[in-house]
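> Here it is: the structure, laid out below.
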Amino acid sequence: MTTQSPFTELDLNAITERRWVDRNDFTEDEFERARAFYEQMRADDERLERVRTEASALISEWTGHKPRDVGSFGTRLNLETSDLDLGIGYPVEDRDRLRKVLEPHTTFLGERKTRFSTSRLVFSFTLEGIEIDLSALTVEDFAVACRMLDQIDTTMTLEERIAHTWVKHLLRSSGRVEEYAAWKLTTYARFCPEFNWVPIPEKPGA
């Protein structure tokens, strides 16, 4: 059983059904709470950026491919519990080699669909207490993902980021796990509808 968080005036049911939220959904008071919360999330940016730089260097060394942040920290939509999600483009025909190269350094989490005709390999490792998920997409899918991320960077407003992160926080803190998992994908789905955005069950303690 889930309960709506008691400290919001937002209609979370309507917002999750619509799969988007913006400034007009908020009262002045609630948006100020959301803004203050968002600023708290930014307090750890310097540390996360340093760890991301170190992780990216390791991935480049292991794979020969430079990764990009494809997760919530890269889009500045992360919560304090978020891990880092990095992605690379890698030839499908060389995936067996990639698994062998990464085996000493990472845990293989499995193969997941990206589109209905393509998939990605997902690996995980920990650096300075932060979990790093590495997705190896097809070269073409990685290019599409990078274009999507560029579009998010340039067109998603600060107010939209604040609103999205606040709803994400409310869903998680009120125990609405399935809706939380789906909400994390709404921005990606909005800017890149051609990918198969299927929620992944939350990891224990996430």
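Within each chain, counting starts at residue 1; across the structure tokens, chains are named A, B, ... in the order shown, with ligands numbered 1 upward in that order.
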Could you write out, as number ranges by chain, all the residues of segment 19-192 of chain A that DSSP marks as strand (DSSP E)?

A: 68-69, 84-89, 107-113, 119-127, 130-137

> So, with only C-alpha atoms as the atoms that count, which of A:Lys168, A:Lys184, A:Arg76, A:Arg112 lies closest to Glu49 of chain A?

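Smallest distance to Glu49 of chain A is found for A:Arg76.
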
> Give me the residues within 12 Å of Phe31 of chain A as JSON, numbers by chain, counting only C-alpha atoms and dropping any in the same chain fewer than 5 places off.

{"A": [8, 9, 10, 21, 22, 23, 24, 25, 26, 36, 37, 38, 159, 160, 161, 162, 163, 164, 165, 166, 167]}

> Atoms to include: C-alpha atoms. Write the selected residues as a PDB file, in the first residue's frame.


ATOM      1  CA  THR A   8       2.830  18.372  -0.930  1.00  0.00           C
ATOM      2  CA  GLU A   9      -0.071  20.192  -2.521  1.00  0.00           C
ATOM      3  CA  LEU A  10       0.665  18.614  -5.895  1.00  0.00           C
ATOM      4  CA  VAL A  21       5.393  18.541 -14.454  1.00  0.00           C
ATOM      5  CA  ASP A  22       6.131  22.233 -14.758  1.00  0.00           C
ATOM      6  CA  ARG A  23       6.083  25.434 -12.745  1.00  0.00           C
ATOM      7  CA  ASN A  24       2.361  26.017 -13.281  1.00  0.00           C
ATOM      8  CA  ASP A  25       1.524  22.905 -11.246  1.00  0.00           C
ATOM      9  CA  PHE A  26       2.990  24.496  -8.108  1.00  0.00           C
ATOM     10  CA  ALA A  36      15.457  24.752  -1.671  1.00  0.00           C
ATOM     11  CA  PHE A  37      15.506  20.969  -1.983  1.00  0.00           C
ATOM     12  CA  TYR A  38      17.065  21.177  -5.436  1.00  0.00           C
ATOM     13  CA  GLU A 159      12.355  25.458 -13.327  1.00  0.00           C
ATOM     14  CA  GLU A 160      11.537  22.194 -15.106  1.00  0.00           C
ATOM     15  CA  ARG A 161      14.535  20.503 -13.477  1.00  0.00           C
ATOM     16  CA  ILE A 162      13.471  21.745 -10.045  1.00  0.00           C
ATOM     17  CA  ALA A 163       9.892  20.561 -10.592  1.00  0.00           C
ATOM     18  CA  HIS A 164      10.923  17.154 -11.934  1.00  0.00           C
ATOM     19  CA  THR A 165      13.368  16.524  -9.084  1.00  0.00           C
ATOM     20  CA  TRP A 166      10.803  17.514  -6.463  1.00  0.00           C
ATOM     21  CA  VAL A 167       8.233  15.056  -7.827  1.00  0.00           C
TER      22      VAL A 167
END

> For the helix (DSSP H, G or I) assignment from backbone DSSP, which residues of segment 69-149 of chain A qualify? Please present them as a list of chain:residue names.

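Filtering segment 69-149 of chain A down to helix (DSSP H, G or I) leaves A:Val92, A:Glu93, A:Asp94, A:Arg95, A:Asp96, A:Arg97, A:Leu98, A:Arg99, A:Lys100, A:Val101, A:Leu102, A:Val139, A:Glu140, A:Asp141, A:Phe142, A:Ala143, A:Val144, A:Ala145, A:Cys146, A:Arg147, A:Met148, A:Leu149.
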
> Using C-alpha atoms, can you write the selected residues to a file as a PDB file, in the first residue's frame?


ATOM      1  CA  VAL A  92      27.924  -5.261 -31.213  1.00  0.00           C
ATOM      2  CA  GLU A  93      30.257  -7.765 -32.875  1.00  0.00           C
ATOM      3  CA  ASP A  94      32.910  -7.081 -30.203  1.00  0.00           C
ATOM      4  CA  ARG A  95      30.705  -7.501 -27.139  1.00  0.00           C
ATOM      5  CA  ASP A  96      32.263 -10.807 -26.103  1.00  0.00           C
ATOM      6  CA  ARG A  97      35.616  -9.091 -26.042  1.00  0.00           C
ATOM      7  CA  LEU A  98      34.170  -6.223 -23.995  1.00  0.00           C
ATOM      8  CA  ARG A  99      32.814  -8.615 -21.373  1.00  0.00           C
ATOM      9  CA  LYS A 100      36.227 -10.263 -21.048  1.00  0.00           C
ATOM     10  CA  VAL A 101      37.956  -6.889 -20.757  1.00  0.00           C
ATOM     11  CA  LEU A 102      35.565  -5.666 -18.060  1.00  0.00           C
ATOM     12  CA  VAL A 139      27.375   2.844 -31.718  1.00  0.00           C
ATOM     13  CA  GLU A 140      24.232   4.200 -33.384  1.00  0.00           C
ATOM     14  CA  ASP A 141      22.174   4.147 -30.174  1.00  0.00           C
ATOM     15  CA  PHE A 142      24.952   5.941 -28.300  1.00  0.00           C
ATOM     16  CA  ALA A 143      24.925   8.689 -30.922  1.00  0.00           C
ATOM     17  CA  VAL A 144      21.137   9.012 -30.524  1.00  0.00           C
ATOM     18  CA  ALA A 145      21.507   9.139 -26.730  1.00  0.00           C
ATOM     19  CA  CYS A 146      24.135  11.875 -27.001  1.00  0.00           C
ATOM     20  CA  ARG A 147      21.858  13.950 -29.232  1.00  0.00           C
ATOM     21  CA  MET A 148      19.059  13.485 -26.691  1.00  0.00           C
ATOM     22  CA  LEU A 149      21.306  14.582 -23.822  1.00  0.00           C
TER      23      LEU A 149
END

> Please produce, as JSON lines, a per-residue contact table for segment 154-193 of chain A versus segment 114-117 of chain A (criterion: any atom at most 12 Å away, only C-alpha atoms considered), showing the nearest atom pair and its distance in Å to one decimal, sorted by chain then residue number.


{"residue": "A:Ala189", "atom": "CA", "partner": "A:Thr114", "partner_atom": "CA", "distance": 11.8}
{"residue": "A:Cys192", "atom": "CA", "partner": "A:Arg115", "partner_atom": "CA", "distance": 10.9}
{"residue": "A:Pro193", "atom": "CA", "partner": "A:Arg115", "partner_atom": "CA", "distance": 9.9}

> Can I get the selection written as a PDB file, in the first residue's frame, with N, CA and C atoms?


ATOM      1  N   ALA A 189      12.168   9.865 -22.056  1.00  0.00           N
ATOM      2  CA  ALA A 189      11.098   9.489 -22.984  1.00  0.00           C
ATOM      3  C   ALA A 189      10.549  10.701 -23.734  1.00  0.00           C
ATOM      4  N   CYS A 192      13.434  11.535 -26.270  1.00  0.00           N
ATOM      5  CA  CYS A 192      13.904  10.451 -27.140  1.00  0.00           C
ATOM      6  C   CYS A 192      12.865   9.328 -27.158  1.00  0.00           C
ATOM      7  N   PRO A 193      11.727   9.549 -27.800  1.00  0.00           N
ATOM      8  CA  PRO A 193      10.646   8.557 -27.770  1.00  0.00           C
ATOM      9  C   PRO A 193      10.963   7.269 -28.533  1.00  0.00           C
TER      10      PRO A 193
END

> Can you pull out the residues contacting Thr106 of chain A? Cut-off 8 Å, using only C-alpha atoms, and skip same-chain residues under 6 positions away; I want them as a PyMOL selection string.

chain A and resi 123-125

> If we count only C-alpha atoms and set the cut-off at 8 Å, which residues sit around Ile130 of chain A, ignoring sequence neighbours fewer than 4 positions away in its own chain? Please answer as a count of residues only.

3

> Which is closer to Phe191 of chain A than all the others in A:Phe108, A:Tyr90, A:Trp20, A:Trp62, using only C-alpha atoms?

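Closest to Phe191 of chain A of all the choices is A:Trp20.
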
> Using only C-alpha atoms, which residue out of A:Leu170, A:Val70, A:Ile132, A:Leu121 lies closest to Asp150 of chain A?

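The shortest atom-to-atom distance to Asp150 of chain A comes from A:Val70.
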
> Rounded to one decimal in Å, what is the spacing between atom CA of Ala34 of chain A and atom CA of Trp197 of chain A?

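Spanning atom CA of Ala34 of chain A to atom CA of Trp197 of chain A is a straight-line distance of 26.1 Å.
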
> So how far away is atom CA of Leu134 of chain A from atom CA of Leu86 of chain A, in Å?

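Answer for the atom CA of Leu86 of chain A to atom CA of Leu134 of chain A separation: 4.9 Å.
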
> State, in Å with one decimal place, the distance from atom CA of Asp85 of chain A to atom CA of Leu48 of chain A.

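Result for atom CA of Asp85 of chain A versus atom CA of Leu48 of chain A: 11.4 Å, one decimal.
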
> Compare A:Leu79, A:Ala55, A:Val177, A:Ile152 by their minimum atom-to-atom distance to Ala43 of chain A, counting only C-alpha atoms, and give me the closest one.

A:Leu79
